[in-house]
Each structure stands twice: as C-alpha cells, then as structure tokens.
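Note: the block below is structure_2.pdb and it holds PDB, C-alpha atoms, pLDDT in the B column.
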```
ATOM      1  CA  MET A   1     -81.939 -93.774-122.323  1.00 46.00           C
ATOM      2  CA  THR A   2     -80.073 -94.674-125.484  1.00 45.00           C
ATOM      3  CA  SER A   3     -76.828 -96.116-126.886  1.00 46.00           C
ATOM      4  CA  ALA A   4     -75.850 -99.557-125.709  1.00 52.00           C
ATOM      5  CA  ASN A   5     -72.851 -99.895-123.421  1.00 53.00           C
ATOM      6  CA  PRO A   6     -71.496-103.251-122.326  1.00 57.00           C
ATOM      7  CA  MET A   7     -72.058-103.709-118.615  1.00 55.00           C
ATOM      8  CA  PRO A   8     -69.168-104.608-116.303  1.00 55.00           C
ATOM      9  CA  ASP A   9     -68.889-108.108-114.942  1.00 56.00           C
ATOM     10  CA  PRO A  10     -71.372-108.334-112.089  1.00 56.00           C
ATOM     11  CA  VAL A  11     -70.621-109.615-108.650  1.00 52.00           C
ATOM     12  CA  LEU A  12     -73.501-111.971-108.039  1.00 52.00           C
ATOM     13  CA  PRO A  13     -74.275-114.477-105.328  1.00 56.00           C
ATOM     14  CA  VAL A  14     -74.428-118.105-106.357  1.00 69.00           C
ATOM     15  CA  THR A  15     -77.964-119.458-106.533  1.00 83.00           C
ATOM     16  CA  PRO A  16     -79.099-122.595-108.353  1.00 93.00           C
ATOM     17  CA  TYR A  17     -81.921-120.753-110.165  1.00 96.00           C
ATOM     18  CA  ALA A  18     -82.859-117.107-110.609  1.00 97.00           C
ATOM     19  CA  VAL A  19     -85.277-114.735-112.273  1.00 98.00           C
ATOM     20  CA  LEU A  20     -83.511-111.853-113.999  1.00 98.00           C
ATOM     21  CA  THR A  21     -85.588-108.793-114.847  1.00 98.00           C
ATOM     22  CA  THR A  22     -84.963-106.056-117.390  1.00 98.00           C
ATOM     23  CA  THR A  23     -87.158-103.627-119.324  1.00 97.00           C
ATOM     24  CA  ALA A  24     -87.363-102.352-122.887  1.00 97.00           C
ATOM     25  CA  ASP A  25     -88.981 -99.251-124.360  1.00 95.00           C
ATOM     26  CA  SER A  26     -91.168-101.133-126.852  1.00 96.00           C
ATOM     27  CA  GLU A  27     -92.976-104.430-127.182  1.00 97.00           C
ATOM     28  CA  ALA A  28     -90.984-105.212-130.327  1.00 97.00           C
ATOM     29  CA  GLY A  29     -87.693-104.475-128.562  1.00 96.00           C
ATOM     30  CA  ALA A  30     -88.665-106.644-125.605  1.00 97.00           C
ATOM     31  CA  ALA A  31     -89.726-109.492-127.893  1.00 97.00           C
ATOM     32  CA  GLU A  32     -86.468-109.279-129.839  1.00 97.00           C
ATOM     33  CA  LEU A  33     -84.394-109.319-126.647  1.00 97.00           C
ATOM     34  CA  ALA A  34     -86.394-112.272-125.305  1.00 98.00           C
ATOM     35  CA  ASP A  35     -86.050-114.163-128.593  1.00 97.00           C
ATOM     36  CA  ARG A  36     -82.270-113.641-128.682  1.00 97.00           C
ATOM     37  CA  VAL A  37     -81.703-114.691-125.071  1.00 97.00           C
ATOM     38  CA  ILE A  38     -83.932-117.759-125.345  1.00 97.00           C
ATOM     39  CA  GLY A  39     -82.419-118.634-128.729  1.00 96.00           C
ATOM     40  CA  GLU A  40     -78.945-118.489-127.191  1.00 96.00           C
ATOM     41  CA  ARG A  41     -80.154-120.720-124.332  1.00 97.00           C
ATOM     42  CA  LEU A  42     -79.145-118.207-121.651  1.00 97.00           C
ATOM     43  CA  ALA A  43     -82.622-118.559-120.163  1.00 98.00           C
ATOM     44  CA  ALA A  44     -85.349-121.167-120.466  1.00 98.00           C
ATOM     45  CA  CYS A  45     -88.306-118.791-120.466  1.00 97.00           C
ATOM     46  CA  ALA A  46     -89.070-115.095-120.810  1.00 98.00           C
ATOM     47  CA  GLN A  47     -92.283-113.421-119.768  1.00 98.00           C
ATOM     48  CA  VAL A  48     -92.966-110.064-121.438  1.00 98.00           C
ATOM     49  CA  TYR A  49     -95.612-107.635-120.244  1.00 97.00           C
ATOM     50  CA  PRO A  50     -96.275-103.871-120.148  1.00 98.00           C
ATOM     51  CA  VAL A  51     -95.498-101.792-117.060  1.00 97.00           C
ATOM     52  CA  ARG A  52     -95.645 -98.102-116.142  1.00 97.00           C
ATOM     53  CA  SER A  53     -92.283 -96.942-114.850  1.00 95.00           C
ATOM     54  CA  VAL A  54     -91.519 -93.853-112.790  1.00 96.00           C
ATOM     55  CA  TYR A  55     -87.808 -93.179-112.325  1.00 93.00           C
ATOM     56  CA  ARG A  56     -85.230 -90.448-111.912  1.00 94.00           C
ATOM     57  CA  TRP A  57     -82.991 -89.956-114.950  1.00 91.00           C
ATOM     58  CA  GLN A  58     -80.459 -87.157-115.415  1.00 93.00           C
ATOM     59  CA  GLY A  59     -81.956 -85.147-112.561  1.00 96.00           C
ATOM     60  CA  ALA A  60     -85.596 -85.346-113.646  1.00 97.00           C
ATOM     61  CA  VAL A  61     -88.474 -87.609-112.724  1.00 98.00           C
ATOM     62  CA  GLU A  62     -89.532 -89.524-115.810  1.00 95.00           C
ATOM     63  CA  ARG A  63     -92.601 -91.597-116.573  1.00 97.00           C
ATOM     64  CA  ALA A  64     -92.711 -94.175-119.326  1.00 95.00           C
ATOM     65  CA  THR A  65     -94.535 -97.218-120.559  1.00 97.00           C
ATOM     66  CA  GLU A  66     -91.985 -99.999-120.743  1.00 97.00           C
ATOM     67  CA  TRP A  67     -92.063-103.720-121.372  1.00 98.00           C
ATOM     68  CA  ARG A  68     -90.782-105.871-118.532  1.00 98.00           C
ATOM     69  CA  ILE A  69     -88.971-109.095-119.305  1.00 98.00           C
ATOM     70  CA  ASP A  70     -88.527-111.754-116.637  1.00 98.00           C
ATOM     71  CA  PHE A  71     -85.997-114.402-117.622  1.00 98.00           C
ATOM     72  CA  LYS A  72     -85.969-117.787-115.820  1.00 98.00           C
ATOM     73  CA  THR A  73     -82.446-119.161-115.743  1.00 97.00           C
ATOM     74  CA  ARG A  74     -79.775-121.029-113.822  1.00 96.00           C
ATOM     75  CA  GLY A  75     -77.770-118.964-111.337  1.00 94.00           C
ATOM     76  CA  GLU A  76     -74.445-119.818-112.939  1.00 93.00           C
ATOM     77  CA  LEU A  77     -75.618-118.174-116.175  1.00 95.00           C
ATOM     78  CA  LEU A  78     -76.347-114.804-114.528  1.00 95.00           C
ATOM     79  CA  PRO A  79     -72.957-113.215-115.361  1.00 94.00           C
ATOM     80  CA  GLU A  80     -73.185-114.244-119.025  1.00 95.00           C
ATOM     81  CA  LEU A  81     -76.858-113.271-119.289  1.00 96.00           C
ATOM     82  CA  THR A  82     -76.160-109.895-117.658  1.00 96.00           C
ATOM     83  CA  ALA A  83     -73.294-109.224-120.072  1.00 95.00           C
ATOM     84  CA  ARG A  84     -75.405-110.265-123.071  1.00 96.00           C
ATOM     85  CA  ILE A  85     -78.244-107.943-122.068  1.00 96.00           C
ATOM     86  CA  GLY A  86     -75.677-105.142-121.848  1.00 94.00           C
ATOM     87  CA  GLU A  87     -74.520-105.923-125.390  1.00 95.00           C
ATOM     88  CA  LEU A  88     -78.017-106.131-126.879  1.00 95.00           C
ATOM     89  CA  HIS A  89     -79.827-103.399-124.943  1.00 94.00           C
ATOM     90  CA  ASP A  90     -80.343 -99.893-126.315  1.00 91.00           C
ATOM     91  CA  TYR A  91     -80.564 -98.144-122.900  1.00 91.00           C
ATOM     92  CA  ASP A  92     -77.466 -96.476-121.429  1.00 88.00           C
ATOM     93  CA  THR A  93     -78.256 -98.056-118.081  1.00 90.00           C
ATOM     94  CA  PRO A  94     -80.648-100.970-118.506  1.00 93.00           C
ATOM     95  CA  GLU A  95     -82.333-102.421-115.473  1.00 94.00           C
ATOM     96  CA  VAL A  96     -80.793-105.776-114.684  1.00 96.00           C
ATOM     97  CA  VAL A  97     -81.956-107.198-111.373  1.00 97.00           C
ATOM     98  CA  ALA A  98     -81.766-110.854-110.452  1.00 96.00           C
ATOM     99  CA  VAL A  99     -83.524-112.528-107.565  1.00 96.00           C
ATOM    100  CA  PRO A 100     -82.903-116.082-106.400  1.00 95.00           C
ATOM    101  CA  VAL A 101     -85.552-118.734-106.765  1.00 96.00           C
ATOM    102  CA  VAL A 102     -85.913-120.041-103.216  1.00 93.00           C
ATOM    103  CA  ALA A 103     -88.353-122.830-104.063  1.00 94.00           C
ATOM    104  CA  GLY A 104     -89.950-124.347-107.123  1.00 94.00           C
ATOM    105  CA  SER A 105     -91.469-127.391-108.687  1.00 95.00           C
ATOM    106  CA  PRO A 106     -88.695-129.969-109.198  1.00 95.00           C
ATOM    107  CA  ALA A 107     -90.045-130.773-112.672  1.00 96.00           C
ATOM    108  CA  TYR A 108     -90.053-127.079-113.692  1.00 96.00           C
ATOM    109  CA  LEU A 109     -86.555-126.455-112.361  1.00 96.00           C
ATOM    110  CA  GLU A 110     -85.281-129.542-114.190  1.00 95.00           C
ATOM    111  CA  TRP A 111     -86.870-128.149-117.367  1.00 96.00           C
ATOM    112  CA  VAL A 112     -85.014-124.841-116.802  1.00 96.00           C
ATOM    113  CA  THR A 113     -81.785-126.823-116.509  1.00 95.00           C
ATOM    114  CA  GLU A 114     -82.499-128.793-119.684  1.00 95.00           C
ATOM    115  CA  GLN A 115     -83.380-125.677-121.692  1.00 96.00           C
ATOM    116  CA  THR A 116     -80.296-123.651-120.784  1.00 96.00           C
ATOM    117  CA  ARG A 117     -76.780-124.244-121.948  1.00 86.00           C
ATOM    118  CA  GLU A 118     -73.774-124.997-119.842  1.00 78.00           C
ATOM    119  CA  ALA A 119     -71.957-121.886-118.682  1.00 58.00           C
ATOM    120  CA  GLN A 120     -68.993-120.888-120.840  1.00 53.00           C
ATOM    121  CA  ALA A 121     -65.533-120.946-119.273  1.00 50.00           C
ATOM    122  CA  PRO A 122     -63.999-117.458-118.895  1.00 46.00           C
TER     123      PRO A 122
END
```

Write-out of the structure in structure tokens:
Amino acid sequence: MTSANPMPDPVLPVTPYAVLTTTADSEAGAAELADRVIGERLAACAQVYPVRSVYRWQGAVERATEWRIDFKTRGELLPELTARIGELHDYDTPEVVAVPVVAGSPAYLEWVTEQTREAQAP
C-alpha cells in the first residue's frame, strides 16, 4: 500500500470524545505521524505499538507487521483528523476507524479538551 491520497470527507456521528485508530508500516512512520498530529493539536495523545495484521489487498491475503496508532481526541475534530491522516499517510487506503468514548475520567477528558485545538470552520 503506497502513494498518499487525500481521503474524502467522512460522515461521522457526533460524539464528545473518540479514539481514532490507524496503522503505519514502520515504527518511524508511526512516530512521525503521531508527532505531527499531536503537534497540530488534532489529538491529545497517541499510543503507538506493534501489531501483526492479516488483510486482503488486491485479491491476495497479506500479512504484515504494522504499528498501530490510537489517537485520543474530541469528536468534533474527527473530520479534520481523518483528512489530515489522509494527507500525511503513505498507504493508498489507510485504516481510519474511530470509536466513541462512552465513559471516562472527567479529569482525563478535560485534559483531552485542553490539549486539542478548536475545530476549524469549513
């Protein structure tokens, strides 16, 4: 999976907080993506760790070691974060899956709010 393509605007449900997951093909690539996103305040935190992926790509079953990145963010930033991952990612079709945070420590969620920027007007 190569050559970055901007991803279309997603249709996402509104949730106050979310965890958005993507993967990268190297630890360095994952760290760079995490650094950029956190630096741009699109997420408050990124956790990076190795995973073994099995997936179908272009008609064949593939196996790869990838680096998973879980971004903690505010729900209103999901469209901008999704678009930014599409711009920065080197996969043709990067994984971008967001799940809502249904509960959390009030202090932690306030920290997520403080560490992320206000959403940009379209």

If you measure from atom CA of A:Val102 to atom CA of A:Leu77, what distance in Å do you get, rounded to one decimal? 16.7 Å

Any chance you could resolve the PyMOL selection byres ((chain A and resi 81) around 12) against this file and give the residues as a PyMOL selection string? chain A and resi 6-10+12+18-22+33-34+36-38+40-44+71-80+82-89+96-98+116-117+119-120

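What the PyMOL selection byres ((chain A and resi 103) around 12) picks from this file is Thr15, Pro16, Tyr17, Ala18, Val19, Val99, Pro100, Val101, Val102, Gly104, Ser105, Pro106, Ala107, Tyr108 and Leu109 of chain A.
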
Mind giving me the straight-line distance from atom CA of A:Glu62 to atom CA of A:Asp35 in Å, one decimal?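 For atom CA of A:Glu62 relative to atom CA of A:Asp35, the distance reads 28.0 Å.
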
If we count all atoms listed in the file and set the cut-off at 8 Å, which residues sit around stretch 27-29 of chain A, ignoring sequence neighbours fewer than 4 positions away in its own chain? Please answer as a PyMOL selection string. chain A and resi 33+50+66-67
